[in-house]
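Visitor: Sending over a structure as structure tokens; questions will come in a sec.
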Amino acid sequence: MSSGVLTGSRDPLPTPAGASPPERRGAADSSASWRLTDRIGLGFAWFLGLLFCAITLAIVAFLAVQGIRYLRPELLWTNPQVGFNQNETGGFLDPIIGTFLVAGIAIGIAGPVGVGVAVWLSEYGRPTALARVVESTVEMLAGAPSVVLALFGILLFDSKVLGFLSETTSDGVVFGKSFFAAGAMLSLVALPLVVSTVREGLQAIPNHVREASYAVGKSKTATIRRVLLPAARPSVITGHMLGIGHVIGDTAIIVLLLGDTQTLQGVGNVPLWGILRGTGSTLTSYVFDNAPTGDLNQPNKAYAAAFVLLVIILILNVLVDVFGRRSRELRWS
Amino acid sequence: MELRKPPPVRRLTPGAKVTPQPGPAAPQAPPAFGPHAPANGAVNGHAPASFVTARRTQRPPVPTVDRMQVEELSIAYGSKLAVKSVSLPIRQGEVLALIGPSGCGKTTLLRSLNRLTELTKTASLTGRITLDGLDISTLEPTALRRRVTMVFQQPNPFPMSVFDNIAYVLREQAKRRPRRAALRSSVEDALARAGLLDEVADNLDHPALRLSGGQQQRLCIARALAAQPEVLLLDEPCSALDPQSTKVIEDLVVKLREEVAVVIVTHNLQQAHRIADHVAFMYLGELVEYASAGALFATPREQRTKDYVSGAFG
């Protein structure tokens with residue numbers, strides 16, 4: 001906005017009559033005068049850039065071709081079944097439901113907690129020592145491999161106290177594997193992304209906007225609730241999307257904490273609660289099991305499911321892009 | 001020290017002839033500031049600013065009421081003294097302009113009037129500021145800031161609709177949020193006082209950040225007025241605006257002084273001359289001179305004031 005104001009008022013550079021403006025030269029032209037080492041470096045940069053694009057395109061193209069070849073619509077709404085060949089084993093409705101359930105639980109925890117941590121870090125951050133500890137904890141969490149989190153989760157949810165979140169046998173042994181367990185540990189995967197994105201969004205708000213709210217007699221709480229969080233809404237949404245993307249892409253926690261049963265295995269009779277206490281699978285664990293090297297070895301199903309997963313992730317990425325762009329649209333000068 | 005000759009100007013168009021400029025080197029710049037600075041057009045030690053004959057914004061005389069009193073106020077950031085023992089009256093019915101070069105403490109002084117300086121952790125304050133006879137340090141900051149509101153240099157409407165920007169101020173904290181219809185007349189009243197209602201009346205749900213810069217700044221003024229303040233602080237409100245919007249806001253400020261005490265910080269001496277009734281010139285944290293606008297620009301008492309208003313430094 002400001003750049004428009006600043007540059008808009010400036011006169012265009014005077015051009016003498018008759019003289020045409022200099023032609024813009026391409027990168028290849030201008031590098032002709034470079035030193036040899038620089039030109040080799042430029043060539044190398046181009047090579048690596050194109051190679052990277054080629055690898056990505058190859059993966060997407062491979063999955064798209066394989067996926068479209070094996071994906072039939074009925075796979076999306078039939079349950080997995082036990083069978084001897086790939087025509088008998090049904091579709092992957094349960095893994096799709098499982099994916100959404102796990103993502104819902106994980107982001108349901110990571111979203112509010114992450115936004116809270118981000119607000120505290122950005123707007124309060126006192127005492128400074130504690131803020132620094134929280135900051136590095138979140139960073140460590142972001143760097144922790146999810147299989148480590150999964151191991152910790154096994155210990156945690158096997159305990160008697162948390163037995164109500166998974167299946168407990170009649171003699172009191174806690175199974176420790178459920179949607180709750182997997183979702184809770186996956187929220188730790190999403191949390192750092194939510195925190196860092198929301199925090200960045202809050203810090204991008206100029207200080208005079210906060211002061212403008214204080215200067216009309218508003219408290220800090222009111223300012224955060226009514227001005228700062230609405231202003232950072234695009235970042236909040238982006239953070240959630242990124243978090244969901246990572247959650248549904250994670251495999252280790254799912255395999256270790258969700259029980260890895262092909263179909264949803266509810267516990268008890270309470271409708272939704274029972275399913276969430278029970279075990280199941282997600283698209284990632286379905287692909288893991290059905291991959292050519294997996295236990296079930298049904299590559300066609302794996303390709304189809306992987307393609308569905310890829311499409312979901314791509315849609316999320318596009319949404320991140322859309323919201324990111326919108327956040328840049330309305331800004332203070 | 002001899003000034004180095006500047007390099008020849010590089011044209012951006014190739015082929016255009018570069019004509020070297022003959023002649024002596026650039027004339028020596030006059031000393032920036034000091035007791036020996038030449039005062040342009042100085043007669044008997046007086047240096048009327050070049051614009052004293054320029055027309056001031058039309059103003060009907062209004063009775064003045066003392067609102068705030070600044071007494072021996074000093075403010076320090078850490079060990080650095082930013083405002084040194086300043087005393088000033090702030091009256092309703094007149095516009096008080098704070099002028100002075102950058103870093104002279106005028107914005108700090110302004111921010112101390114509604115205790116925004118407290119947001120800076122290192123700031124410490126001595127002296128007394130009273131609002132209607134009450135020491136402002138005894139008031140609740142939020143209550144004080146509803147009575148002494150502020151408009152900033154950058155237009156900073158909140159990222160919501162025009163209506164909600166004003167309604168945000170009207171909604172008291174910790175009470176049930178009033179209905180939209182109940183706020184409508186107050187919102188429109190505030191917009192009307194800031195002279196913005198005619199332009200936005202059709203579409204109060206328009207996002208405030210899509211308004212023009214001048215409209216945004218008037219929305220910020222409307223927002224500050226919505227709290228029904230007794231004192232309105234303006235921190236260089238026109239520095240990000242074009243001349244047209246500046247004129248609109250200047251006229252508005254002069255009109256507003258009838259209902260609220262107005263304090264404006266400005267870098268622009270012409271602006272201070274156009275709109276202010278009283279002017280306070282600050283330099284290096286000190287209040288050098290406080291006088292009526294006419295007197296300060298036409299017959300400054302202090303040498304430093306004279307040098308500043310005649311353009312010798314700044």
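Ordering of the structure tokens sets the chain letters (A, B, ...); residue numbers start at 1 within each chain; ligands are numbered from 1 in the order shown.
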For the contact check between chain B and chain A, emit one row per residue of chain B within 8 Å, containing the shortest atom pair and the distance in Å rounded to one decimal, counting only C-alpha atoms, chain then rising number order, as CSV.

Guide:
residue,atom,partner,partner_atom,distance
B:Thr13,CA,A:Pro21,CA,6.5
B:Pro14,CA,A:Pro22,CA,7.1
B:Ala16,CA,A:Pro16,CA,7.7
B:Asn114,CA,A:Ala215,CA,7.4
B:Leu116,CA,A:Ala215,CA,7.2
B:Pro141,CA,A:Gly217,CA,7.2
B:Thr142,CA,A:Gly217,CA,4.1
B:Ala143,CA,A:Gly217,CA,6.1
B:Leu144,CA,A:Gly217,CA,7.0
B:Arg145,CA,A:Gly217,CA,4.4
B:Arg146,CA,A:Gly217,CA,4.6
B:Val148,CA,A:Val216,CA,7.8
B:Thr149,CA,A:Val216,CA,5.3
B:Met150,CA,A:Ala215,CA,5.5
B:Val151,CA,A:Ala212,CA,7.1
B:Phe152,CA,A:Ala212,CA,7.2
B:Gln154,CA,A:Ser333,CA,7.1
B:Pro155,CA,A:Trp332,CA,7.5
B:Asn156,CA,A:Val209,CA,5.8
B:Pro157,CA,A:Val209,CA,7.7
B:Phe158,CA,A:Val227,CA,6.4
B:Pro159,CA,A:Ala231,CA,5.8
B:Tyr168,CA,A:Arg226,CA,7.9
B:Val169,CA,A:Val216,CA,6.6
B:Gln173,CA,A:Ala222,CA,7.3
B:Leu209,CA,A:Leu330,CA,6.2
B:Arg210,CA,A:Leu330,CA,7.4
B:Arg223,CA,A:Val216,CA,7.8
B:Ala224,CA,A:Val216,CA,6.1
B:Ala227,CA,A:Val216,CA,6.7

Visitor: Taking the backbone alone, and naming residues the way the document does, which bits of stretch 132-327 of chain A are helix (DSSP H, G or I) by DSSP, as a VMD selection string?

Guide: chain A and resid 132 to 143 146 to 157 160 to 165 179 to 203 207 to 214 220 to 231 233 to 249 252 to 257 271 to 277 283 to 290 299 to 327

Visitor: Residues within 12 Å of stretch 184-198 of chain B, please, as a compact mmCIF listing (two decimals) with C-alpha atoms, in the first residue's frame. Count only C-alpha atoms; anything in the same chain fewer than 4 positions from it doesn't count.

Guide:
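The result, stored in result.txt:
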# COMPACT_ATOMS: atom_id res chain seq x y z
CA SER B 161 -15.26 -3.07 8.70
CA VAL B 162 -15.63 0.69 9.07
CA PHE B 163 -18.54 0.12 11.43
CA ASP B 164 -16.67 -2.35 13.61
CA ASN B 165 -13.66 -0.06 13.90
CA ILE B 166 -15.83 2.48 15.71
CA ALA B 167 -18.01 -0.07 17.47
CA TYR B 168 -14.89 -1.65 18.94
CA VAL B 169 -14.25 1.51 20.92
CA LEU B 170 -17.87 1.84 22.01
CA ARG B 171 -18.12 -1.67 23.35
CA PRO B 178 -24.42 -4.32 22.72
CA ARG B 179 -26.39 -5.02 19.61
CA ARG B 180 -25.36 -3.52 16.33
CA ASP B 202 -23.68 3.81 2.06
CA ASN B 203 -21.38 1.02 3.01
CA LEU B 204 -20.42 0.85 6.65
CA ASP B 205 -19.44 -2.78 6.18
CA LEU B 211 -10.31 3.12 2.23
CA SER B 212 -7.87 5.71 0.91
CA GLY B 214 -6.81 10.14 4.06
CA GLN B 215 -10.08 8.35 4.76
CA GLN B 216 -8.26 5.81 6.90
CA GLN B 217 -6.72 8.58 8.96
CA ARG B 218 -10.09 10.27 9.42
CA LEU B 219 -11.49 6.91 10.45
CA CYS B 220 -8.74 6.77 13.06
CA ILE B 221 -9.78 10.23 14.23
CA ALA B 222 -13.40 9.10 14.33
CA ARG B 223 -12.31 6.09 16.36
CA ALA B 224 -10.47 8.33 18.78
CA LEU B 225 -13.51 10.63 19.05
CA ALA B 226 -15.92 7.75 19.60
CA ALA B 227 -14.61 7.33 23.14
CA GLN B 228 -15.91 10.88 23.84
CA PRO B 229 -12.48 12.08 24.97
CA SER B 245 -6.15 14.85 2.59
CA VAL B 248 -9.21 18.07 5.04
CA ILE B 249 -7.68 16.86 8.29
CA GLU B 250 -6.30 20.28 9.19
CA ASP B 251 -9.73 21.87 8.77
CA LEU B 252 -11.17 19.07 10.86
CA VAL B 253 -8.64 19.58 13.63
CA VAL B 254 -9.39 23.28 13.83
CA LYS B 255 -13.10 22.53 14.05
CA LEU B 256 -12.61 19.83 16.69
CA ARG B 257 -10.85 22.15 19.10
CA GLU B 258 -14.25 23.54 20.05
CA GLU B 259 -15.21 20.24 21.68
CA VAL B 260 -11.90 18.74 22.76

Visitor: So how many Å separate atom CA of B:Gly103 and atom CA of B:Tyr283, to one decimal?

Guide: 8.4 Å

Visitor: Report as JSON, numbers by chain: the residues of stretch 191-234 of chain B with a DSSP assignment of strand (DSSP E), based on the backbone of this structure.

Guide: {"B": [231, 232, 233, 234]}

Visitor: Please save C-alpha atoms of the selected residues as a short mmCIF file (atom, residue, chain, number, x, y, z; two decimals), in the first residue's frame.

Guide:
data_model
loop_
_atom_site.label_atom_id
_atom_site.label_comp_id
_atom_site.auth_asym_id
_atom_site.auth_seq_id
_atom_site.Cartn_x
_atom_site.Cartn_y
_atom_site.Cartn_z
CA VAL B 231 -8.22 15.57 24.95
CA LEU B 232 -7.24 14.39 21.47
CA LEU B 233 -3.57 13.68 20.78
CA LEU B 234 -2.34 13.65 17.19
#

Visitor: Would you list the contacts of stretch 51-55 of chain B as a VMD selection string, taking every protein, DNA or RNA residue within 10 Å and counting only C-alpha atoms, but skipping same-chain residues closer than 5 positions in sequence?

Guide: chain B and resid 269 to 270 273 to 274 293 to 299 309 to 310
